[in-house]
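Source file input_20.txt; content: compact mmCIF, C-alpha atoms (C1' of nucleotides).
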```
# COMPACT_ATOMS: atom_id res chain seq x y z
CA MET A 1 0.14 6.39 27.43
CA SER A 2 -1.92 4.86 24.68
CA TRP A 3 -5.69 4.46 24.76
CA ILE A 4 -5.22 0.79 25.55
CA ALA A 5 -4.17 1.55 29.09
CA ASP A 6 -5.36 5.07 29.89
CA GLY A 7 -8.17 5.77 32.31
CA ARG A 8 -10.99 6.46 29.87
CA THR A 9 -14.01 4.25 29.55
CA ASP A 10 -14.51 2.18 26.40
CA GLU A 11 -17.38 4.46 25.47
CA GLU A 12 -15.29 7.61 25.87
CA ILE A 13 -12.59 6.14 23.64
CA LEU A 14 -15.04 5.36 20.85
CA LYS A 15 -16.74 8.75 21.03
CA ALA A 16 -13.42 10.59 21.13
CA HIS A 17 -12.55 8.92 17.83
CA GLY A 18 -15.86 9.64 16.17
CA LEU A 19 -17.16 6.09 16.40
CA ARG A 20 -20.65 5.27 17.59
CA PRO A 21 -20.46 3.22 20.77
CA THR A 22 -22.53 0.26 19.66
CA ARG A 23 -22.90 -2.85 21.79
CA GLN A 24 -20.53 -4.78 19.51
CA ARG A 25 -17.88 -2.07 19.39
CA LEU A 26 -17.91 -1.75 23.16
CA ASP A 27 -17.23 -5.48 23.41
CA LEU A 28 -14.46 -5.27 20.84
CA VAL A 29 -12.75 -2.35 22.56
CA ARG A 30 -12.97 -4.12 25.90
CA VAL A 31 -11.36 -7.29 24.57
CA ILE A 32 -8.65 -5.38 22.72
CA ARG A 33 -7.76 -3.41 25.84
CA LYS A 34 -7.83 -6.49 28.03
CA GLY A 35 -5.27 -8.19 25.78
CA GLY A 36 -2.82 -5.28 25.82
CA ARG A 37 -0.32 -4.57 23.09
CA ARG A 38 -0.28 -7.23 20.43
CA HIS A 39 -1.06 -8.03 16.82
CA LEU A 40 -4.39 -9.29 15.63
CA THR A 41 -5.58 -10.81 12.43
CA PRO A 42 -9.33 -10.67 11.80
CA GLU A 43 -9.31 -14.46 12.01
CA SER A 44 -7.37 -14.66 15.28
CA PHE A 45 -9.48 -11.95 16.84
CA HIS A 46 -12.66 -13.66 15.77
CA ARG A 47 -11.46 -16.88 17.40
CA GLU A 48 -10.44 -15.08 20.58
CA LEU A 49 -13.88 -13.51 20.83
CA ALA A 50 -15.59 -16.83 20.22
CA GLU A 51 -13.56 -18.37 23.03
CA SER A 52 -14.88 -15.66 25.35
CA GLY A 53 -18.39 -16.55 24.29
CA LEU A 54 -18.76 -13.47 22.10
CA LYS A 55 -20.38 -14.37 18.81
CA PHE A 56 -19.60 -12.05 15.89
CA SER A 57 -20.00 -12.19 12.17
CA LEU A 58 -16.58 -12.27 10.54
CA ALA A 59 -17.73 -9.37 8.36
CA THR A 60 -18.26 -7.30 11.49
CA ILE A 61 -14.72 -8.02 12.61
CA TYR A 62 -13.39 -6.84 9.27
CA ASN A 63 -15.63 -3.77 9.30
CA SER A 64 -14.71 -2.88 12.84
CA LEU A 65 -10.96 -3.40 12.59
CA ASN A 66 -10.96 -1.28 9.46
CA SER A 67 -13.04 1.47 11.11
CA PHE A 68 -10.84 1.42 14.20
CA THR A 69 -7.81 1.76 11.98
CA ASP A 70 -9.27 4.66 10.02
CA ALA A 71 -10.16 6.30 13.32
CA GLY A 72 -6.57 5.99 14.53
CA LEU A 73 -7.08 3.38 17.24
CA LEU A 74 -5.16 0.65 15.44
CA ARG A 75 -2.46 0.38 12.83
CA ARG A 76 -2.82 -1.83 9.77
CA ILE A 77 0.29 -3.68 8.61
CA GLY A 78 0.06 -5.53 5.33
CA PHE A 79 3.24 -7.53 5.01
CA GLY A 80 3.23 -11.15 3.96
CA ASP A 81 -0.01 -12.81 3.04
CA ARG A 82 -2.45 -11.40 5.55
CA THR A 83 -3.32 -8.18 7.26
CA TRP A 84 -2.22 -7.53 10.81
CA PHE A 85 -3.73 -4.99 13.13
CA CYS A 86 -1.41 -3.57 15.72
CA THR A 87 -3.00 -2.43 18.96
CA ASN A 88 -0.18 0.04 19.50
CA PRO A 89 -0.89 3.02 17.25
CA ALA A 90 2.38 4.81 18.15
CA PRO A 91 5.07 4.90 15.47
CA HIS A 92 7.28 1.84 15.71
CA HIS A 93 8.73 -0.85 13.47
CA HIS A 94 8.43 -4.61 13.14
CA PHE A 95 10.09 -7.95 12.90
CA PHE A 96 8.57 -10.23 10.29
CA ASP A 97 9.04 -13.97 10.78
CA GLU A 98 9.27 -15.57 7.34
CA GLY A 99 8.61 -18.98 8.83
CA SER A 100 5.30 -18.28 10.52
CA GLY A 101 4.23 -15.12 8.72
CA ARG A 102 3.83 -13.40 12.10
CA ILE A 103 4.90 -9.90 12.97
CA GLU A 104 6.19 -8.56 16.25
CA ASP A 105 7.06 -5.09 17.51
CA ILE A 106 10.67 -4.03 17.63
CA PRO A 107 10.92 -3.23 21.33
CA GLY A 108 12.55 -0.21 22.95
CA ASP A 109 14.51 2.32 20.93
CA GLN A 110 13.37 2.31 17.34
CA PRO A 111 15.76 2.06 14.39
CA GLN A 112 16.11 5.29 12.44
CA VAL A 113 16.20 5.72 8.70
CA VAL A 114 18.74 8.20 7.36
CA GLY A 115 19.09 9.44 3.81
CA LEU A 116 15.40 9.30 2.95
CA PRO A 117 14.78 10.07 -0.71
CA GLU A 118 12.44 12.64 -2.16
CA PRO A 119 9.18 10.96 -3.14
CA PRO A 120 8.39 10.70 -6.87
CA ASP A 121 6.80 13.79 -8.41
CA GLY A 122 3.33 14.58 -7.18
CA MET A 123 3.55 12.16 -4.28
CA THR A 124 3.48 12.84 -0.53
CA VAL A 125 5.17 10.67 2.08
CA LEU A 126 2.69 9.10 4.50
CA GLY A 127 5.19 7.22 6.59
CA VAL A 128 8.20 4.97 6.64
CA GLU A 129 8.13 1.30 7.62
CA VAL A 130 11.18 -0.65 8.62
CA ILE A 131 10.67 -4.39 8.47
CA VAL A 132 13.38 -6.67 9.77
CA ARG A 133 12.86 -10.04 8.15
CA VAL A 134 13.88 -12.86 10.47
CA LYS A 135 13.65 -16.62 10.61
CA ARG A 136 14.09 -19.22 13.30
CA GLU A 137 17.71 -20.38 13.46
CA GLY A 138 18.46 -23.68 11.77
CA VAL A 139 15.34 -23.56 9.58
CA GLY A 140 15.28 -23.16 5.81
CA MET F 141 25.94 -5.42 -13.60
CA SER F 142 22.96 -7.60 -12.94
CA TRP F 143 22.01 -10.68 -14.95
CA ILE F 144 19.34 -8.64 -16.72
CA ALA F 145 21.88 -6.77 -18.77
CA ASP F 146 25.13 -8.81 -18.68
CA GLY F 147 26.46 -10.64 -21.71
CA ARG F 148 25.39 -14.18 -20.86
CA THR F 149 22.83 -16.09 -22.86
CA ASP F 150 19.44 -16.86 -21.33
CA GLU F 151 20.46 -20.51 -21.13
CA GLU F 152 23.69 -19.71 -19.29
CA ILE F 153 21.78 -17.62 -16.76
CA LEU F 154 19.36 -20.42 -15.99
CA LYS F 155 22.06 -23.07 -15.71
CA ALA F 156 24.22 -20.84 -13.53
CA HIS F 157 21.33 -20.63 -11.09
CA GLY F 158 20.59 -24.34 -11.09
CA LEU F 159 17.45 -24.06 -13.21
CA ARG F 160 16.74 -26.38 -16.14
CA PRO F 161 16.60 -24.35 -19.34
CA THR F 162 13.21 -25.45 -20.55
CA ARG F 163 11.52 -23.89 -23.54
CA GLN F 164 9.14 -21.96 -21.30
CA ARG F 165 11.79 -20.69 -18.94
CA LEU F 166 13.92 -19.50 -21.84
CA ASP F 167 10.96 -17.46 -23.08
CA LEU F 168 10.33 -16.05 -19.62
CA VAL F 169 13.96 -15.03 -19.11
CA ARG F 170 14.07 -13.42 -22.52
CA VAL F 171 10.96 -11.33 -21.86
CA ILE F 172 12.12 -10.34 -18.37
CA ARG F 173 15.48 -9.20 -19.73
CA LYS F 174 13.91 -7.37 -22.63
CA GLY F 175 11.77 -5.33 -20.22
CA GLY F 176 14.67 -4.24 -18.01
CA ARG F 177 14.33 -3.31 -14.37
CA ARG F 178 10.76 -3.23 -13.19
CA HIS F 179 8.17 -4.88 -10.99
CA LEU F 180 5.97 -7.71 -12.12
CA THR F 181 2.89 -9.29 -10.71
CA PRO F 182 2.09 -12.81 -11.95
CA GLU F 183 -1.03 -11.33 -13.50
CA SER F 184 0.73 -8.43 -15.25
CA PHE F 185 3.48 -10.71 -16.51
CA HIS F 186 0.96 -13.20 -17.82
CA ARG F 187 -0.78 -10.42 -19.71
CA GLU F 188 2.49 -9.09 -21.08
CA LEU F 189 3.39 -12.54 -22.36
CA ALA F 190 -0.01 -13.03 -23.92
CA GLU F 191 0.37 -9.73 -25.76
CA SER F 192 3.62 -11.05 -27.23
CA GLY F 193 1.77 -14.14 -28.40
CA LEU F 194 3.27 -16.33 -25.68
CA LYS F 195 0.60 -18.56 -24.17
CA PHE F 196 1.28 -19.75 -20.62
CA SER F 197 -0.74 -21.34 -17.90
CA LEU F 198 -1.06 -18.92 -15.01
CA ALA F 199 0.15 -21.72 -12.75
CA THR F 200 3.38 -21.85 -14.73
CA ILE F 201 3.90 -18.14 -14.20
CA TYR F 202 3.48 -18.58 -10.47
CA ASN F 203 5.75 -21.63 -10.42
CA SER F 204 8.41 -19.94 -12.49
CA LEU F 205 8.45 -16.60 -10.70
CA ASN F 206 8.73 -18.47 -7.42
CA SER F 207 11.55 -20.68 -8.71
CA PHE F 208 13.38 -17.70 -10.15
CA THR F 209 13.07 -15.98 -6.80
CA ASP F 210 14.36 -18.99 -4.87
CA ALA F 211 17.23 -19.20 -7.34
CA GLY F 212 18.14 -15.56 -6.69
CA LEU F 213 17.17 -14.08 -10.05
CA LEU F 214 14.26 -12.07 -8.70
CA ARG F 215 13.17 -10.57 -5.41
CA ARG F 216 9.73 -11.15 -3.96
CA ILE F 217 8.09 -8.19 -2.22
CA GLY F 218 4.87 -8.88 -0.37
CA PHE F 219 3.52 -5.52 0.70
CA GLY F 220 -0.08 -4.59 0.19
CA ASP F 221 -2.47 -7.10 -1.25
CA ARG F 222 -0.46 -8.81 -3.92
CA THR F 223 2.98 -10.15 -4.53
CA TRP F 224 5.46 -8.18 -6.57
CA PHE F 225 8.53 -9.59 -8.23
CA CYS F 226 11.39 -7.19 -8.65
CA THR F 227 13.71 -7.84 -11.58
CA ASN F 228 16.55 -6.12 -9.74
CA PRO F 229 17.89 -8.63 -7.22
CA ALA F 230 20.39 -6.15 -5.72
CA PRO F 231 19.60 -4.79 -2.24
CA HIS F 232 17.45 -1.71 -2.50
CA HIS F 233 14.31 -0.26 -0.98
CA HIS F 234 10.87 0.74 -2.22
CA PHE F 235 8.15 3.31 -2.42
CA PHE F 236 4.69 1.90 -1.89
CA ASP F 237 1.78 3.84 -3.40
CA GLU F 238 -1.23 3.41 -1.12
CA GLY F 239 -3.52 4.61 -3.86
CA SER F 240 -2.67 2.11 -6.56
CA GLY F 241 -1.00 -0.61 -4.51
CA ARG F 242 2.05 -0.38 -6.78
CA ILE F 243 5.66 -0.41 -5.70
CA GLU F 244 8.62 1.37 -7.21
CA ASP F 245 12.35 1.28 -6.54
CA ILE F 246 13.90 4.04 -4.50
CA PRO F 247 16.44 5.28 -7.05
CA GLY F 248 20.07 6.14 -6.46
CA ASP F 249 21.59 6.21 -2.98
CA GLN F 250 19.65 3.95 -0.69
CA PRO F 251 18.40 5.04 2.72
CA GLN F 252 20.30 3.47 5.62
CA VAL F 253 18.86 2.06 8.80
CA VAL F 254 20.76 2.85 11.99
CA GLY F 255 20.17 1.40 15.44
CA LEU F 256 19.02 -1.99 14.26
CA PRO F 257 17.81 -4.13 17.16
CA GLU F 258 18.93 -7.61 18.11
CA PRO F 259 16.48 -10.14 16.72
CA PRO F 260 14.32 -12.06 19.20
CA ASP F 261 15.97 -15.11 20.78
CA GLY F 262 16.65 -17.95 18.40
CA MET F 263 16.03 -15.81 15.31
CA THR F 264 18.43 -14.77 12.54
CA VAL F 265 18.11 -11.61 10.51
CA LEU F 266 17.51 -12.28 6.82
CA GLY F 267 17.33 -8.69 5.69
CA VAL F 268 15.89 -5.27 6.30
CA GLU F 269 13.21 -3.64 4.18
CA VAL F 270 12.52 0.05 4.15
CA ILE F 271 9.16 0.91 2.68
CA VAL F 272 8.27 4.54 2.13
CA ARG F 273 4.50 4.76 1.96
CA VAL F 274 3.38 7.49 -0.40
CA LYS F 275 0.18 8.72 -1.96
CA ARG F 276 -0.67 11.01 -4.81
CA GLU F 277 -1.00 14.60 -3.59
CA GLY F 278 -4.53 15.83 -3.05
CA VAL F 279 -6.01 12.34 -2.80
CA GLY F 280 -7.53 10.78 0.32
C1' DA X 281 -41.90 6.30 24.72
C1' DG X 282 -42.75 6.91 19.46
C1' DT X 283 -41.22 8.24 14.77
C1' DG X 284 -38.26 8.38 11.13
C1' DC X 285 -33.54 8.51 9.31
C1' DT X 286 -28.91 6.71 9.30
C1' DT X 287 -25.43 3.63 10.59
C1' DT X 288 -24.14 -0.87 11.95
C1' DT X 289 -24.52 -5.75 12.00
C1' DT X 290 -25.27 -10.02 9.85
C1' DA X 291 -25.05 -14.41 6.94
C1' DG X 292 -23.93 -15.80 2.92
C1' DA X 293 -22.48 -14.94 -1.77
C1' DA X 294 -18.87 -13.22 -4.50
C1' DC X 295 -14.28 -12.12 -5.56
C1' DG X 296 -9.29 -12.09 -6.52
C1' DA X 297 -4.88 -13.96 -5.65
C1' DT X 298 -2.52 -18.09 -5.08
C1' DT X 299 -1.79 -23.01 -4.61
C1' DC X 300 -3.04 -27.77 -5.31
C1' DC X 301 -4.05 -31.77 -8.15
C1' DA X 302 -3.57 -35.25 -11.44
C1' DG X 303 -2.51 -36.01 -16.05
C1' DT X 304 0.79 -34.92 -19.87
C1' DT X 305 4.95 -33.39 -21.80
C1' DG X 306 9.69 -32.95 -22.24
C1' DC X 307 14.54 -32.73 -20.73
C1' DA X 308 18.79 -35.46 -19.34
C1' DG X 309 21.48 -39.46 -18.45
C1' DT X 310 21.99 -44.23 -19.58
C1' DA Y 311 15.73 -44.94 -28.17
C1' DC Y 312 14.39 -45.89 -23.04
C1' DT Y 313 13.57 -44.42 -18.59
C1' DG Y 314 12.99 -41.51 -14.70
C1' DC Y 315 12.26 -37.28 -12.87
C1' DA Y 316 11.19 -32.36 -13.30
C1' DA Y 317 8.34 -29.04 -15.36
C1' DC Y 318 4.02 -27.66 -17.54
C1' DT Y 319 -0.93 -27.50 -17.82
C1' DG Y 320 -6.05 -26.42 -16.98
C1' DG Y 321 -9.14 -26.65 -13.77
C1' DA Y 322 -10.57 -27.24 -9.11
C1' DA Y 323 -9.76 -25.84 -4.55
C1' DT Y 324 -8.41 -22.75 -0.93
C1' DC Y 325 -7.87 -18.64 1.58
C1' DG Y 326 -8.37 -13.95 2.94
C1' DT Y 327 -11.28 -10.22 2.18
C1' DT Y 328 -15.14 -7.46 0.46
C1' DC Y 329 -19.89 -7.04 -1.23
C1' DT Y 330 -24.89 -7.39 -0.85
C1' DA Y 331 -29.32 -6.98 0.84
C1' DA Y 332 -32.00 -7.32 4.71
C1' DA Y 333 -32.63 -6.91 9.71
C1' DA Y 334 -31.32 -4.53 13.91
C1' DA Y 335 -29.82 -0.83 16.59
C1' DG Y 336 -28.44 3.94 17.57
C1' DC Y 337 -29.77 8.82 17.44
C1' DA Y 338 -32.37 13.24 17.12
C1' DC Y 339 -36.48 15.18 17.61
C1' DT Y 340 -40.89 15.19 19.36
```
This entry written out as structure tokens:
Amino acid sequence: MSWIADGRTDEEILKAHGLRPTRQRLDLVRVIRKGGRRHLTPESFHRELAESGLKFSLATIYNSLNSFTDAGLLRRIGFGDRTWFCTNPAPHHHFFDEGSGRIEDIPGDQPQVVGLPEPPDGMTVLGVEVIVRVKREGVG
Amino acid sequence: MSWIADGRTDEEILKAHGLRPTRQRLDLVRVIRKGGRRHLTPESFHRELAESGLKFSLATIYNSLNSFTDAGLLRRIGFGDRTWFCTNPAPHHHFFDEGSGRIEDIPGDQPQVVGLPEPPDGMTVLGVEVIVRVKREGVG
DNA sequence: AGTGCTTTTTAGAACGATTCCAGTTGCAGT
DNA sequence: ACTGCAACTGGAATCGTTCTAAAAAGCACT
């Protein structure tokens, strides 16, 4: 059960991840949780907040999404020409739609990578991403 | 044997891929081939050319790398915050260094992905990327 | 509640990568 | 050579993201 849907309060979540529960962050956490599992760009999130009457500086959105990611609440995926923030921090892989530039979770059982190489000398492996590039049929 | 190292002339390569062998493109192909397998950014390639006394508009570099990619001579990899062009068009996967933002080929036997999911409805799979995120030991 | 210190928020400027634009050049087919 | 279309060019424009400096808000300690 991820933090998105567990029983803790927004404030408890923030504190548990070492983040000060400011007024803005409480609003952000509430809206993220309300929307469930999905992928945000700073821009799309900013628009969503504005539509709920919540006025934020775009810089705050960037700051906050980055802090939340560093704190382990979100996952940052940089594939294509913008940065996506995934509200599901559990390990999982993605589809990438070349047409729209959007990403989407691979649902259910995750693909596995076999035959992983040793990293180059002096490097540590942080993680492995599988990206399945897709496009809408009959386009391109 | 990829086009980088086969016996064809630069002009033959371009024509075989439906590209007009202009003076500029011939220079670009020559320099790419001379450098062997590696990863270019438009910026790094532009610099490399300038150091060889070859003056290009940056826009031409972007145009050309994109055309070469569409023609199948290069592979475009958009992971991190800039676009990399891989001079090895054969299927293979990459290391991504979080510290420097650079990518590098996974050498030798390639990792395999098992348990690939069906794409979402109405989508076709174009390819699968495996990206092994690494960082220099003792950093971060 | 008041004080002082630190972190966060903010608007706008700055930045870097990439594409667009409009004019020029140059290749290819008559 | 002439003509038409594709490619090249420098500079402006665009877009996503980060930086900056100042104001606001949280926090610890009285």
What residues in chain A have any atom no more than 8 Å from chain Y when counting all atoms listed in the file, and can you write them as an MDAnalysis selection string? chainID A and resid 20 22 82
Give me the chain X side of the contact with chain A, cut-off 9 Å, one line per residue showing its nearest atom pair and distance in Å at one decimal, counting all atoms listed in the file, sorted by chain and residue number, as a Markdown table.
```
| residue | atom | partner | partner_atom | distance |
| --- | --- | --- | --- | --- |
| X:DT287 | C1' | A:Arg20 | CA | 8.6 |
| X:DT288 | C1' | A:Thr22 | CA | 8.0 |
| X:DT289 | C1' | A:Thr60 | CA | 6.5 |
| X:DT290 | C1' | A:Ser57 | CA | 6.2 |
| X:DA291 | C1' | A:Ser57 | CA | 7.6 |
```
Got a sec: who's within 9 Å of Gly241 in chain F, counting all atoms listed in the file, leaving out chain neighbours fewer than 6 positions off, as a count of residues only? 4
Report as a Markdown table the residues of chain A within 8 Å of chain F, each with its shortest atom pair and distance in Å (one decimal), using all atoms listed in the file, ordered by chain and increasing residue number.
```
| residue | atom | partner | partner_atom | distance |
| --- | --- | --- | --- | --- |
| A:Gly78 | CA | F:Gly220 | CA | 5.2 |
| A:Phe79 | CA | F:Phe219 | CA | 4.8 |
| A:Gly80 | CA | F:Gly218 | CA | 5.2 |
| A:Asp81 | CA | F:Gly218 | CA | 7.1 |
| A:Phe95 | CA | F:Pro259 | CA | 7.8 |
| A:Ile106 | CA | F:Pro257 | CA | 7.2 |
| A:Asp109 | CA | F:Gly255 | CA | 7.9 |
| A:Gln110 | CA | F:Gly255 | CA | 7.1 |
| A:Pro111 | CA | F:Gly255 | CA | 4.6 |
| A:Gln112 | CA | F:Val254 | CA | 5.3 |
| A:Val113 | CA | F:Val253 | CA | 4.5 |
| A:Val114 | CA | F:Gln252 | CA | 5.3 |
| A:Gly115 | CA | F:Pro251 | CA | 4.6 |
| A:Leu116 | CA | F:Pro251 | CA | 5.2 |
| A:Pro117 | CA | F:Pro251 | CA | 7.1 |
| A:Pro119 | CA | F:Val274 | CA | 7.3 |
| A:Gly122 | CA | F:Glu277 | CA | 5.6 |
| A:Met123 | CA | F:Arg276 | CA | 4.4 |
| A:Thr124 | CA | F:Val274 | CA | 5.4 |
| A:Val125 | CA | F:Val274 | CA | 4.4 |
| A:Leu126 | CA | F:Val274 | CA | 5.2 |
| A:Gly127 | CA | F:Arg273 | CA | 5.3 |
| A:Val128 | CA | F:Val272 | CA | 4.5 |
| A:Glu129 | CA | F:Ile271 | CA | 5.1 |
| A:Val130 | CA | F:Val270 | CA | 4.7 |
| A:Ile131 | CA | F:Glu269 | CA | 5.0 |
| A:Val132 | CA | F:Val268 | CA | 4.5 |
| A:Arg133 | CA | F:Gly267 | CA | 5.3 |
| A:Val134 | CA | F:Val265 | CA | 4.4 |
| A:Lys135 | CA | F:Met263 | CA | 5.3 |
| A:Arg136 | CA | F:Met263 | CA | 4.4 |
| A:Glu137 | CA | F:Met263 | CA | 5.2 |
```
Just need chain A moved onto chain F: least-squares over all Cα atoms matched in order, then output as a tab-separated table (two decimals) with C-alpha atoms, in the frame of the given file.
```tsv
chain	number	residue	atom	x	y	z
A	1	MET	CA	25.93	-5.39	-13.62
A	2	SER	CA	22.94	-7.58	-12.98
A	3	TRP	CA	22.02	-10.65	-15.00
A	4	ILE	CA	19.33	-8.62	-16.74
A	5	ALA	CA	21.89	-6.75	-18.78
A	6	ASP	CA	25.10	-8.77	-18.72
A	7	GLY	CA	26.42	-10.59	-21.75
A	8	ARG	CA	25.36	-14.14	-20.91
A	9	THR	CA	22.82	-16.04	-22.91
A	10	ASP	CA	19.42	-16.83	-21.39
A	11	GLU	CA	20.45	-20.46	-21.20
A	12	GLU	CA	23.69	-19.67	-19.37
A	13	ILE	CA	21.78	-17.60	-16.82
A	14	LEU	CA	19.35	-20.41	-16.06
A	15	LYS	CA	22.07	-23.05	-15.79
A	16	ALA	CA	24.24	-20.83	-13.61
A	17	HIS	CA	21.34	-20.64	-11.16
A	18	GLY	CA	20.60	-24.34	-11.17
A	19	LEU	CA	17.46	-24.08	-13.27
A	20	ARG	CA	16.76	-26.36	-16.19
A	21	PRO	CA	16.59	-24.32	-19.38
A	22	THR	CA	13.17	-25.42	-20.57
A	23	ARG	CA	11.49	-23.84	-23.57
A	24	GLN	CA	9.11	-21.90	-21.31
A	25	ARG	CA	11.80	-20.66	-18.96
A	26	LEU	CA	13.91	-19.47	-21.86
A	27	ASP	CA	10.95	-17.43	-23.09
A	28	LEU	CA	10.33	-16.03	-19.63
A	29	VAL	CA	13.95	-15.02	-19.12
A	30	ARG	CA	14.03	-13.38	-22.53
A	31	VAL	CA	10.92	-11.30	-21.84
A	32	ILE	CA	12.10	-10.32	-18.37
A	33	ARG	CA	15.46	-9.17	-19.71
A	34	LYS	CA	13.88	-7.33	-22.61
A	35	GLY	CA	11.74	-5.30	-20.20
A	36	GLY	CA	14.66	-4.24	-18.00
A	37	ARG	CA	14.34	-3.32	-14.36
A	38	ARG	CA	10.77	-3.25	-13.18
A	39	HIS	CA	8.19	-4.90	-10.96
A	40	LEU	CA	5.99	-7.73	-12.08
A	41	THR	CA	2.93	-9.33	-10.65
A	42	PRO	CA	2.13	-12.83	-11.90
A	43	GLU	CA	-1.02	-11.36	-13.43
A	44	SER	CA	0.72	-8.46	-15.18
A	45	PHE	CA	3.46	-10.71	-16.46
A	46	HIS	CA	0.96	-13.20	-17.75
A	47	ARG	CA	-0.81	-10.42	-19.64
A	48	GLU	CA	2.45	-9.07	-21.04
A	49	LEU	CA	3.35	-12.52	-22.33
A	50	ALA	CA	-0.07	-12.99	-23.87
A	51	GLU	CA	0.31	-9.69	-25.69
A	52	SER	CA	3.55	-11.00	-27.19
A	53	GLY	CA	1.70	-14.07	-28.36
A	54	LEU	CA	3.21	-16.29	-25.67
A	55	LYS	CA	0.57	-18.52	-24.16
A	56	PHE	CA	1.26	-19.72	-20.61
A	57	SER	CA	-0.74	-21.33	-17.89
A	58	LEU	CA	-1.05	-18.94	-14.97
A	59	ALA	CA	0.19	-21.76	-12.73
A	60	THR	CA	3.40	-21.86	-14.73
A	61	ILE	CA	3.91	-18.16	-14.18
A	62	TYR	CA	3.51	-18.62	-10.45
A	63	ASN	CA	5.79	-21.67	-10.44
A	64	SER	CA	8.43	-19.95	-12.50
A	65	LEU	CA	8.48	-16.62	-10.68
A	66	ASN	CA	8.77	-18.50	-7.41
A	67	SER	CA	11.59	-20.71	-8.74
A	68	PHE	CA	13.41	-17.71	-10.16
A	69	THR	CA	13.12	-16.01	-6.81
A	70	ASP	CA	14.41	-19.02	-4.89
A	71	ALA	CA	17.28	-19.22	-7.36
A	72	GLY	CA	18.19	-15.59	-6.71
A	73	LEU	CA	17.19	-14.11	-10.06
A	74	LEU	CA	14.29	-12.10	-8.69
A	75	ARG	CA	13.22	-10.60	-5.41
A	76	ARG	CA	9.78	-11.18	-3.94
A	77	ILE	CA	8.13	-8.24	-2.19
A	78	GLY	CA	4.91	-8.92	-0.35
A	79	PHE	CA	3.56	-5.56	0.71
A	80	GLY	CA	-0.06	-4.62	0.23
A	81	ASP	CA	-2.46	-7.13	-1.20
A	82	ARG	CA	-0.43	-8.85	-3.86
A	83	THR	CA	3.03	-10.18	-4.48
A	84	TRP	CA	5.50	-8.21	-6.55
A	85	PHE	CA	8.56	-9.62	-8.20
A	86	CYS	CA	11.42	-7.23	-8.64
A	87	THR	CA	13.72	-7.87	-11.58
A	88	ASN	CA	16.56	-6.15	-9.75
A	89	PRO	CA	17.90	-8.65	-7.22
A	90	ALA	CA	20.41	-6.17	-5.71
A	91	PRO	CA	19.62	-4.83	-2.25
A	92	HIS	CA	17.48	-1.73	-2.48
A	93	HIS	CA	14.31	-0.29	-0.97
A	94	HIS	CA	10.88	0.71	-2.22
A	95	PHE	CA	8.17	3.28	-2.44
A	96	PHE	CA	4.69	1.88	-1.91
A	97	ASP	CA	1.80	3.83	-3.43
A	98	GLU	CA	-1.21	3.39	-1.16
A	99	GLY	CA	-3.51	4.60	-3.90
A	100	SER	CA	-2.63	2.09	-6.59
A	101	GLY	CA	-0.98	-0.62	-4.52
A	102	ARG	CA	2.08	-0.40	-6.79
A	103	ILE	CA	5.68	-0.45	-5.70
A	104	GLU	CA	8.65	1.33	-7.21
A	105	ASP	CA	12.38	1.26	-6.54
A	106	ILE	CA	13.94	4.02	-4.51
A	107	PRO	CA	16.47	5.25	-7.05
A	108	GLY	CA	20.11	6.12	-6.46
A	109	ASP	CA	21.62	6.17	-2.99
A	110	GLN	CA	19.67	3.92	-0.68
A	111	PRO	CA	18.41	5.03	2.73
A	112	GLN	CA	20.28	3.46	5.63
A	113	VAL	CA	18.84	2.06	8.81
A	114	VAL	CA	20.73	2.86	12.00
A	115	GLY	CA	20.11	1.45	15.45
A	116	LEU	CA	18.97	-1.98	14.31
A	117	PRO	CA	17.74	-4.09	17.21
A	118	GLU	CA	18.85	-7.55	18.17
A	119	PRO	CA	16.40	-10.09	16.78
A	120	PRO	CA	14.23	-12.00	19.28
A	121	ASP	CA	15.87	-15.04	20.86
A	122	GLY	CA	16.58	-17.88	18.49
A	123	MET	CA	15.95	-15.78	15.41
A	124	THR	CA	18.36	-14.76	12.63
A	125	VAL	CA	18.05	-11.59	10.58
A	126	LEU	CA	17.48	-12.30	6.88
A	127	GLY	CA	17.29	-8.72	5.74
A	128	VAL	CA	15.88	-5.29	6.33
A	129	GLU	CA	13.20	-3.66	4.18
A	130	VAL	CA	12.52	0.03	4.15
A	131	ILE	CA	9.15	0.91	2.67
A	132	VAL	CA	8.28	4.54	2.11
A	133	ARG	CA	4.51	4.75	1.93
A	134	VAL	CA	3.40	7.48	-0.45
A	135	LYS	CA	0.20	8.70	-2.04
A	136	ARG	CA	-0.64	10.99	-4.91
A	137	GLU	CA	-0.96	14.58	-3.72
A	138	GLY	CA	-4.50	15.84	-3.20
A	139	VAL	CA	-5.97	12.33	-2.92
A	140	GLY	CA	-7.48	10.80	0.21
```
In Å, with one decimal, what is the gap from CA of Glu11 in chain A to C1' of DG284 in chain X?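 Atom-to-atom, CA of Glu11 in chain A to C1' of DG284 in chain X, that is 25.6 Å.
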Atom pair CA of Ala90 in chain A / CA of Thr41 in chain A: separation (Å):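 For CA of Ala90 in chain A relative to CA of Thr41 in chain A, the distance reads 18.4 Å.
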One decimal, in Å: what's the spacing between CA of His39 in chain A and C1' of DG296 in chain X?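 Result for CA of His39 in chain A versus C1' of DG296 in chain X: 25.1 Å, one decimal.
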Residues within 10 Å of Tyr202 in chain F, please, as a VMD selection string. Count all atoms listed in the file; anything in the same chain fewer than 4 positions from it doesn't count. (chain F and resid 181 to 183 185 to 186 197 to 198 206 to 208) or (chain X and resid 298 to 299)
